[in-house]
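Report on the structure given below.
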Number of protein chains: 4
Amino acid sequence: MEPVEDTPARATLRARAWVHLESPSGAQRGISRFNRVVIWMILASSVMVILETEKTLVASLPLVFLAGEIIFATMFTFEYLLRTWAAGEHPQGRWHYLTRPSSLFDLLALASFYAPFLPVSGALLRLIRLARILRLARLGQFSVALQNLTFALSARRFELMLSLVIAFTLMLFSSTLLYLVEGRAQPDAFGSIPRALWWSVATLTTVGYGDVIPGSGLGKMLAGLTALSGIGVIAMPAGIVASALTEVLRSRRLQSGEDTRD
Amino acid sequence: MEPVEDTPARATLRARAWVHLESPSGAQRGISRFNRVVIWMILASSVMVILETEKTLVASLPLVFLAGEIIFATMFTFEYLLRTWAAGEHPQGRWHYLTRPSSLFDLLALASFYAPFLPVSGALLRLIRLARILRLARLGQFSVALQNLTFALSARRFELMLSLVIAFTLMLFSSTLLYLVEGRAQPDAFGSIPRALWWSVATLTTVGYGDVIPGSGLGKMLAGLTALSGIGVIAMPAGIVASALTEVLRSRRLQSGEDTRD
Amino acid sequence: MEPVEDTPARATLRARAWVHLESPSGAQRGISRFNRVVIWMILASSVMVILETEKTLVASLPLVFLAGEIIFATMFTFEYLLRTWAAGEHPQGRWHYLTRPSSLFDLLALASFYAPFLPVSGALLRLIRLARILRLARLGQFSVALQNLTFALSARRFELMLSLVIAFTLMLFSSTLLYLVEGRAQPDAFGSIPRALWWSVATLTTVGYGDVIPGSGLGKMLAGLTALSGIGVIAMPAGIVASALTEVLRSRRLQSGEDTRD
Amino acid sequence: MEPVEDTPARATLRARAWVHLESPSGAQRGISRFNRVVIWMILASSVMVILETEKTLVASLPLVFLAGEIIFATMFTFEYLLRTWAAGEHPQGRWHYLTRPSSLFDLLALASFYAPFLPVSGALLRLIRLARILRLARLGQFSVALQNLTFALSARRFELMLSLVIAFTLMLFSSTLLYLVEGRAQPDAFGSIPRALWWSVATLTTVGYGDVIPGSGLGKMLAGLTALSGIGVIAMPAGIVASALTEVLRSRRLQSGEDTRD
């Protein structure tokens with residue numbers, strides 16, 4: 001986990017900092033202790049962004065949030081300056097490092113820490129910093145799992161898209177039928193196809209908010225059939241993901257040759 | 001994608017139009033650029049049909065919708081006339097082309113574009129035009145996915161029907177029980193088996209609108225058991241689809257011979 | 001389908017009736033035309049039982065329902081007498097046929113047709129006649145599907161029971177927690193563990209009626225975690241059924257030897 | 001099931017009691033008759049703890065509950081004393097037996113039986129006794145199922161955690177969007193990200209309580225997309241569990257060598 005041992009003893013301080021900051025030797029080295037701390041700090045600052053949107057909380061603990069913002073802004077500014085300083089070790093020079101997309105994204109994320117001191121609110125923008133974790137973590141042990149999942153999902157992307165097309169067709173079909181059947185009785189809920197779609201998506205995904213419900217016998221029968229179709233809408237993607245992952249695990253096993261019989 | 005190159009340079013204009021309109025050389029050629037435009041136009045006109053049912057939207061933008069209707073009616077009329085003209089290239093003649101089922105369906109779809117100018121509303125009829133996409137698209141890269149899915153679902157059709165029969169039996173059983181237990185206390189909701197079925201289908205599919213709920217302790221216990229059975233009602237088809245697709249992918253792999261060991 | 005051809009031409013009328021009524025040569029012969037009619041009649045009479053519980057329907061069409069009851073009672077009485085007469089062909093005699101469990105069940109089902117003429121209501125009892133279909137149908141092409149499903153479910157019955165035990169534990173755990181957190185604020189909904197169980201089962205099965213909802217922040221957090229656990233409660237049985245069916249299909253394929261490579 | 005036969009006839013009473021109480025020869029011997037009774041008593045006393053939280057029930061049957069508490073406290077005290085006495089047979093002595101963690105847990109569970117006679121309520125603490133079942137049952141025939149499930153789930157733990165991370169990201173994303181879109185119109189429901197999370201978790205898990213619903217068109221569109229994402233949130237873990245169990249069953253089959261071909 002700690003790549004310090006491999007660093008030659010005579011390495012300069014900056015070179016050793018560079019290793020800790022960017023782990024240039026790749027993912028197999030794991031995440032350095034420094035970057036782990038940064039990841040936890042990003043998570044903590046994101047939780048604070050989330051909680052800060054709750055004004056009653058900010059009103060009761062104003063100093064805690066102010067202190068938090070100042071501390072996080074200071075620490076991430078320090079982290080950015082540290083990386084800028086250590087980037088002198090980058091093979092293609094500091095300027096190249098600072099202008100590559102991921103570093104510019106870091107700068108954007110850093111700017112978001114100064115947002116609370118400006119008259120803007122942009123919670124969405126400030127949560128984008130969570131994406132920094134992706135680069136820092138390099139996902140560690142999750143990388144194989146991510147590979148399996150993305151490979152399985154992309155191998156069966158047409159089946160998954162097809163099941164989405166089927167879901168959309170069912171949604172359009174059932175909302176058109178309920179618009180025709182219930183439109184006159186409940187104009188607010190079923191007075192148009194776009195309005196009926198709200199009911200339709202809630203029913204087909206089995207969410208079932210229950211704010212809008214057909215009133216007539218025919219409408220209820222059609223709604224029951226829609227709810228039953230919803231089982232298929234959930235069962236199909238589940239089945240596709242299952243078979244896709246079974247395939248991926250099987251071909252991984254064959255590649256690794258750990259079992260030559262099968 | 002573009003079959004123009006293969007057309008002999010000396011081909012007449014009509015012959016070249018025919019190739020673009022009907023791609024007679026088959027699915028492997030893909031969808032011609034002309035038909036792609038037609039597909040997007042069908043989608044756009046369908047979105048307009050959906051939005052037009054929302055009267056507040058039509059009231060605020062009456063000219064946009066009127067213009068849209070006129071433009072779409074004109075364009076699809078032009079498309080139909082173009083196909084009719086180019087159909088002189090059809091091996092069995094223009095009349096044979098125009099009277100085959102899919103062309104008659106095209107005519108019906110075309111007629112639906114003139115519906116807004118008549119005193120009819122038929123949104124359902126007008127959305128049938130979406131089915132034209134099926135013929136034009138020939139589904140392209142989706143055709144393998146569709147084949148996999150339909151093969152898997154049809155190979156396990158009896159298992160799927162059986163799980164539907166089980167779902168219906170559970171539905172009938174639980175609605176009869178709740179009619180007996182809650183019928184007197186809530187005659188509107190559980191006063192008959194057909195009424196109780198509305199609650200039953202919402203619970204077994206885990207939609208759970210919540211408009212109708214048993215009030216007595218016994219009724220709630222039975223409802224809880226029904227909700228738990230709902231897990232099985234969803235798990236069974238999901239499991240059947242998963243195993244069916246696993247089988248299909250396996251036999252495809254064997255047929256293609258890409259891996260002779262397994 | 002029709003076993004008439006195999007019947008020797010000199011067979012008595014009773015013997016030929018017997019073949020049609022009981023199809024003694026087994027399931028591979030399929031269901032006789034006579035029994036098909038009986039199955040549809042049972043379904044029709046069951047639909048009538050269901051609709052009859054809706055008193056507004058009976059009030060508006062009293063004669064239809066009365067006629068239906070008389071017709072069904074007559075027809076099923078005739079069917080029973082016919083079977084009794086033909087049972088003279090039974091190898092062990094008519095008395096043995098009439099006293100075997102399935103025939104006694106037929107008699108009970110027949111009695112239920114006379115229930116509407118008595119001052120009893122027992123809809124549940126009258127729907128038991130649906131079970132007669134099982135014997136008459138012998139399930140035909142469904143028998144393989146039923147065998148696959150029951151074999152898969154029974155092979156993994158301990159896994160399925162375990163997932164049910166996990167579901168019950170989660171249910172008990174979350175309802176105890178919400179009883180402790182919300183019990184004082186909402187005594188009607190969370191004032192005791194049995195009361196909180198109603199909320200808990202609706203949440204874990206993702207039914208989510210929404211009649212009972214925690215009000216405090218802590219309660220909502222626990223409810224959110226319960227809802228997330230609900231995903232596992234549904235995913236686990238779905239996964240178990242999927243893997244069990246994959247196994248069953250695989251071993252069926254091996255047994256039939258249709259593909260020796262596998 | 002009953003290990004009595006194997007006990008030498010000349011064994012002392014204490015040695016024979018020890019065999020019944022602790023079944024030292026392991027899980028393959030199954031659960032002794034004595035421990036079965038204890039398990040049922042634990043279940044019965046837990047049901048009583050659950051029912052006792054319903055004060056209306058206690059008020060109507062005060063003597064039943066009082067008698068139950070006294071009987072259970074007496075019986076479990078007797079059971080504990082019996083185990084203490086028989087523990088003289090333990091190879092490392094009675095003191096070692098009494099101070100091992102599982103015995104201390106037994107003592108804690110025993111103490112909980114005296115809670116109703118003290119002015120404390122702690123239903124959660126008293127239900128901890130259910131955990132005693134785990135040790136007593138040694139899970140019997142469930143142990144293979146439990147092994148299969150835990151092996152499958154732990155082999156795919158990173159995929160499962162990843163699908164949880166995706167679910168959390170979707171939840172955070174959709175609640176931030178709805179906070180921005182609906183926050184001003186419905187400050188109580190969407191006035192902050194933590195508040196919007198309540199709606200978000202109910203929608204993504206397809207629970208759909210329906211107490212909180214976006215009102216604007218844009219909010220409803222985003223909610224519809226969130227509900228559709230919910231399908232993936234359920235389908236992914238279901239698929240992962242299915243493929244993981246398929247793998248486990250396959251490797252079990254290979255290990256047992258019951259089928260050398262595959």
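Scheme for the structure tokens: letters A, B, ... for chains in order shown; per-chain residue numbers from 1; ligand numbers from 1 in order shown.
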
Kindly assemble as CSV a list of the chain A residues that lie within 8 Å of chain C, each paired with its nearest atom pair and their distance in Å to one decimal, using only C-alpha atoms, sorted first by chain and then by ascending residue number.
```
residue,atom,partner,partner_atom,distance
A:Thr206,CA,C:Val207,CA,8.0
A:Val207,CA,C:Val207,CA,7.8
A:Gly208,CA,C:Gly208,CA,7.9
A:Tyr209,CA,C:Gly210,CA,8.0
A:Gly210,CA,C:Tyr209,CA,8.0
A:Gly239,CA,C:Ala242,CA,7.9
A:Ala242,CA,C:Gly239,CA,7.9
```

Next, the residues of the selection above should be written as a short mmCIF file (atom, residue, chain, number, x, y, z; two decimals), in the first residue's frame with N, CA, C and O atoms.
```cif
data_model
loop_
_atom_site.label_atom_id
_atom_site.label_comp_id
_atom_site.auth_asym_id
_atom_site.auth_seq_id
_atom_site.Cartn_x
_atom_site.Cartn_y
_atom_site.Cartn_z
N THR A 206 -43.53 0.08 -10.67
CA THR A 206 -44.05 -0.40 -9.38
C THR A 206 -43.74 0.55 -8.22
O THR A 206 -43.76 0.13 -7.07
N VAL A 207 -43.45 1.83 -8.55
CA VAL A 207 -43.28 2.81 -7.47
C VAL A 207 -44.64 3.04 -6.80
O VAL A 207 -44.77 2.94 -5.58
N GLY A 208 -45.65 3.36 -7.62
CA GLY A 208 -47.02 3.47 -7.10
C GLY A 208 -47.21 4.52 -6.03
O GLY A 208 -47.57 4.21 -4.90
N TYR A 209 -47.00 5.81 -6.39
CA TYR A 209 -47.18 6.86 -5.40
C TYR A 209 -48.61 6.88 -4.87
O TYR A 209 -48.84 7.12 -3.70
N GLY A 210 -49.57 6.65 -5.77
CA GLY A 210 -50.96 6.64 -5.32
C GLY A 210 -51.60 8.00 -5.30
O GLY A 210 -52.72 8.14 -4.79
N GLY A 239 -33.11 -10.19 -15.48
CA GLY A 239 -32.69 -11.41 -16.15
C GLY A 239 -31.52 -11.17 -17.09
O GLY A 239 -30.60 -11.98 -17.17
N ALA A 242 -28.36 -10.69 -15.09
CA ALA A 242 -27.94 -11.97 -14.51
C ALA A 242 -27.23 -12.84 -15.54
O ALA A 242 -26.13 -13.36 -15.29
#
```

- [ ] Kindly give the distance, in Å, that separates CA of Thr169 in chain D and CA of Thr226 in chain A, rounded to a single decimal.
- [x]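 Distance between the two atoms: 29.2 Å.
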
Open item on the list: Excluding range 87-103 of chain C and its own-chain neighbours fewer than 3 positions away, which residues fall within 8 Å of it when counting only C-alpha atoms? Please give them as a ChimeraX atom specification.
Closed with: /C:14-15,18,83-84,106-107

Open item on the list: Show me, as a list in words, the residues that have an atom within 12 Å of range 60-67 of chain C when counting only C-alpha atoms, minus same-chain residues fewer than 6 positions from it.
Closed with: Ala44, Ser45, Val47, Met48, Val49, Ile50, Leu51, Glu52, Thr53, Glu54, Ala73, Thr74, Phe113, Tyr114, Pro116 and Phe117 of chain C

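One distance worth recording is that between CA of Ile231 in chain C and CA of Ala131 in chain A, which is 25.7 Å.
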
Task: For Arg184 in chain A: contacts at 12 Å, only C-alpha atoms, fewer than 4 positions along chain excluded, given as a VMD selection string - done: chain A and resid 178 to 180 188 to 192 214 to 216 219

Write to file, as an mmCIF file, in the first residue's frame, the residues of the selection just made, with C-alpha atoms.
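Output saved as part_20.cif:
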```cif
data_model
loop_
_atom_site.group_PDB
_atom_site.id
_atom_site.type_symbol
_atom_site.label_atom_id
_atom_site.label_comp_id
_atom_site.auth_asym_id
_atom_site.auth_seq_id
_atom_site.Cartn_x
_atom_site.Cartn_y
_atom_site.Cartn_z
ATOM 1 C CA LEU A 178 -56.005 5.816 -19.614
ATOM 2 C CA TYR A 179 -56.120 9.246 -21.200
ATOM 3 C CA LEU A 180 -58.967 7.969 -23.367
ATOM 4 C CA ASP A 188 -56.110 17.021 -13.968
ATOM 5 C CA ALA A 189 -54.628 13.529 -13.771
ATOM 6 C CA PHE A 190 -55.460 11.955 -17.142
ATOM 7 C CA GLY A 191 -56.534 14.968 -19.223
ATOM 8 C CA SER A 192 -53.656 14.497 -21.678
ATOM 9 C CA PRO A 214 -58.143 5.622 -12.197
ATOM 10 C CA GLY A 215 -61.701 5.798 -10.894
ATOM 11 C CA SER A 216 -63.778 3.812 -13.388
ATOM 12 C CA GLY A 219 -59.671 2.272 -15.943
#
```

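From CA of Leu170 in chain B back to CA of Phe168 in chain A, the distance works out to 28.0 Å.
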
Task: Contact residues around Leu130 in chain D with only C-alpha atoms at 7 Å, ignoring same-chain residues under 3 positions, as a PyMOL selection string - done: chain D and resi 42+127+133

So that I have them on file, write out the residues from the current selection with all heavy atoms, as a PDB file, in the first residue's frame.
```pdb
ATOM      1  N   ILE D  42     -37.692 -20.064  23.014  1.00  0.00           N
ATOM      2  CA  ILE D  42     -37.151 -18.733  22.696  1.00  0.00           C
ATOM      3  C   ILE D  42     -38.076 -18.025  21.727  1.00  0.00           C
ATOM      4  O   ILE D  42     -38.410 -16.836  21.901  1.00  0.00           O
ATOM      5  CB  ILE D  42     -35.724 -18.843  22.109  1.00  0.00           C
ATOM      6  CG1 ILE D  42     -34.747 -19.369  23.168  1.00  0.00           C
ATOM      7  CG2 ILE D  42     -35.248 -17.496  21.575  1.00  0.00           C
ATOM      8  CD1 ILE D  42     -33.379 -19.706  22.621  1.00  0.00           C
ATOM      9  N   LEU D 127     -35.154  -8.841  22.536  1.00  0.00           N
ATOM     10  CA  LEU D 127     -35.237  -9.646  21.318  1.00  0.00           C
ATOM     11  C   LEU D 127     -33.884 -10.198  20.904  1.00  0.00           C
ATOM     12  O   LEU D 127     -33.787 -11.067  20.046  1.00  0.00           O
ATOM     13  CB  LEU D 127     -35.839  -8.826  20.167  1.00  0.00           C
ATOM     14  CG  LEU D 127     -37.336  -8.603  20.311  1.00  0.00           C
ATOM     15  CD1 LEU D 127     -37.829  -7.640  19.254  1.00  0.00           C
ATOM     16  CD2 LEU D 127     -38.088  -9.933  20.207  1.00  0.00           C
ATOM     17  N   ILE D 133     -30.696 -18.636  19.202  1.00  0.00           N
ATOM     18  CA  ILE D 133     -31.138 -19.712  18.318  1.00  0.00           C
ATOM     19  C   ILE D 133     -30.013 -20.126  17.380  1.00  0.00           C
ATOM     20  O   ILE D 133     -29.811 -21.312  17.110  1.00  0.00           O
ATOM     21  CB  ILE D 133     -32.386 -19.279  17.522  1.00  0.00           C
ATOM     22  CG1 ILE D 133     -33.571 -19.139  18.480  1.00  0.00           C
ATOM     23  CG2 ILE D 133     -32.712 -20.275  16.424  1.00  0.00           C
ATOM     24  CD1 ILE D 133     -34.819 -18.590  17.837  1.00  0.00           C
TER      25      ILE D 133
END
```

Open item on the list: Based on the backbone DSSP call, show me all residues of range 22-207 of chain D assigned alpha helix (DSSP H), as a PyMOL selection string.
Closed with: chain D and resi 22+33-52+55-60+62-86+94-99+101-112+123-127+132-137+142-155+157-182+187-190+193-204

TODO: Tell me, as JSON, numbers by chain, which residues lie within 12 Å of Phe151 in chain B, counting only C-alpha atoms; anything in the same chain fewer than 5 positions away does not count.
DONE: {"B": [143, 144, 145, 146, 156, 157, 241, 244, 245, 246, 247, 248, 249, 251, 252]}

So that I have them on file, write out the residues from the current selection with C-alpha atoms, as a short mmCIF file (atom, residue, chain, number, x, y, z; two decimals), in the first residue's frame.
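As written to disk, result01.cif reads:
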```cif
data_model
loop_
_atom_site.label_atom_id
_atom_site.label_comp_id
_atom_site.auth_asym_id
_atom_site.auth_seq_id
_atom_site.Cartn_x
_atom_site.Cartn_y
_atom_site.Cartn_z
CA SER B 143 -32.19 -7.67 -34.43
CA VAL B 144 -29.79 -10.06 -32.63
CA ALA B 145 -30.90 -8.76 -29.23
CA LEU B 146 -34.56 -9.11 -30.24
CA ARG B 156 -39.63 -20.66 -21.43
CA ARG B 157 -43.15 -19.50 -22.35
CA VAL B 241 -35.86 -14.80 -17.86
CA ALA B 244 -33.58 -18.66 -20.28
CA LEU B 245 -31.13 -15.99 -21.49
CA THR B 246 -28.19 -17.84 -19.94
CA GLU B 247 -29.24 -20.90 -21.99
CA VAL B 248 -29.65 -18.88 -25.19
CA LEU B 249 -26.25 -17.19 -24.84
CA SER B 251 -26.15 -22.29 -27.20
CA ARG B 252 -25.25 -19.27 -29.40
#
```
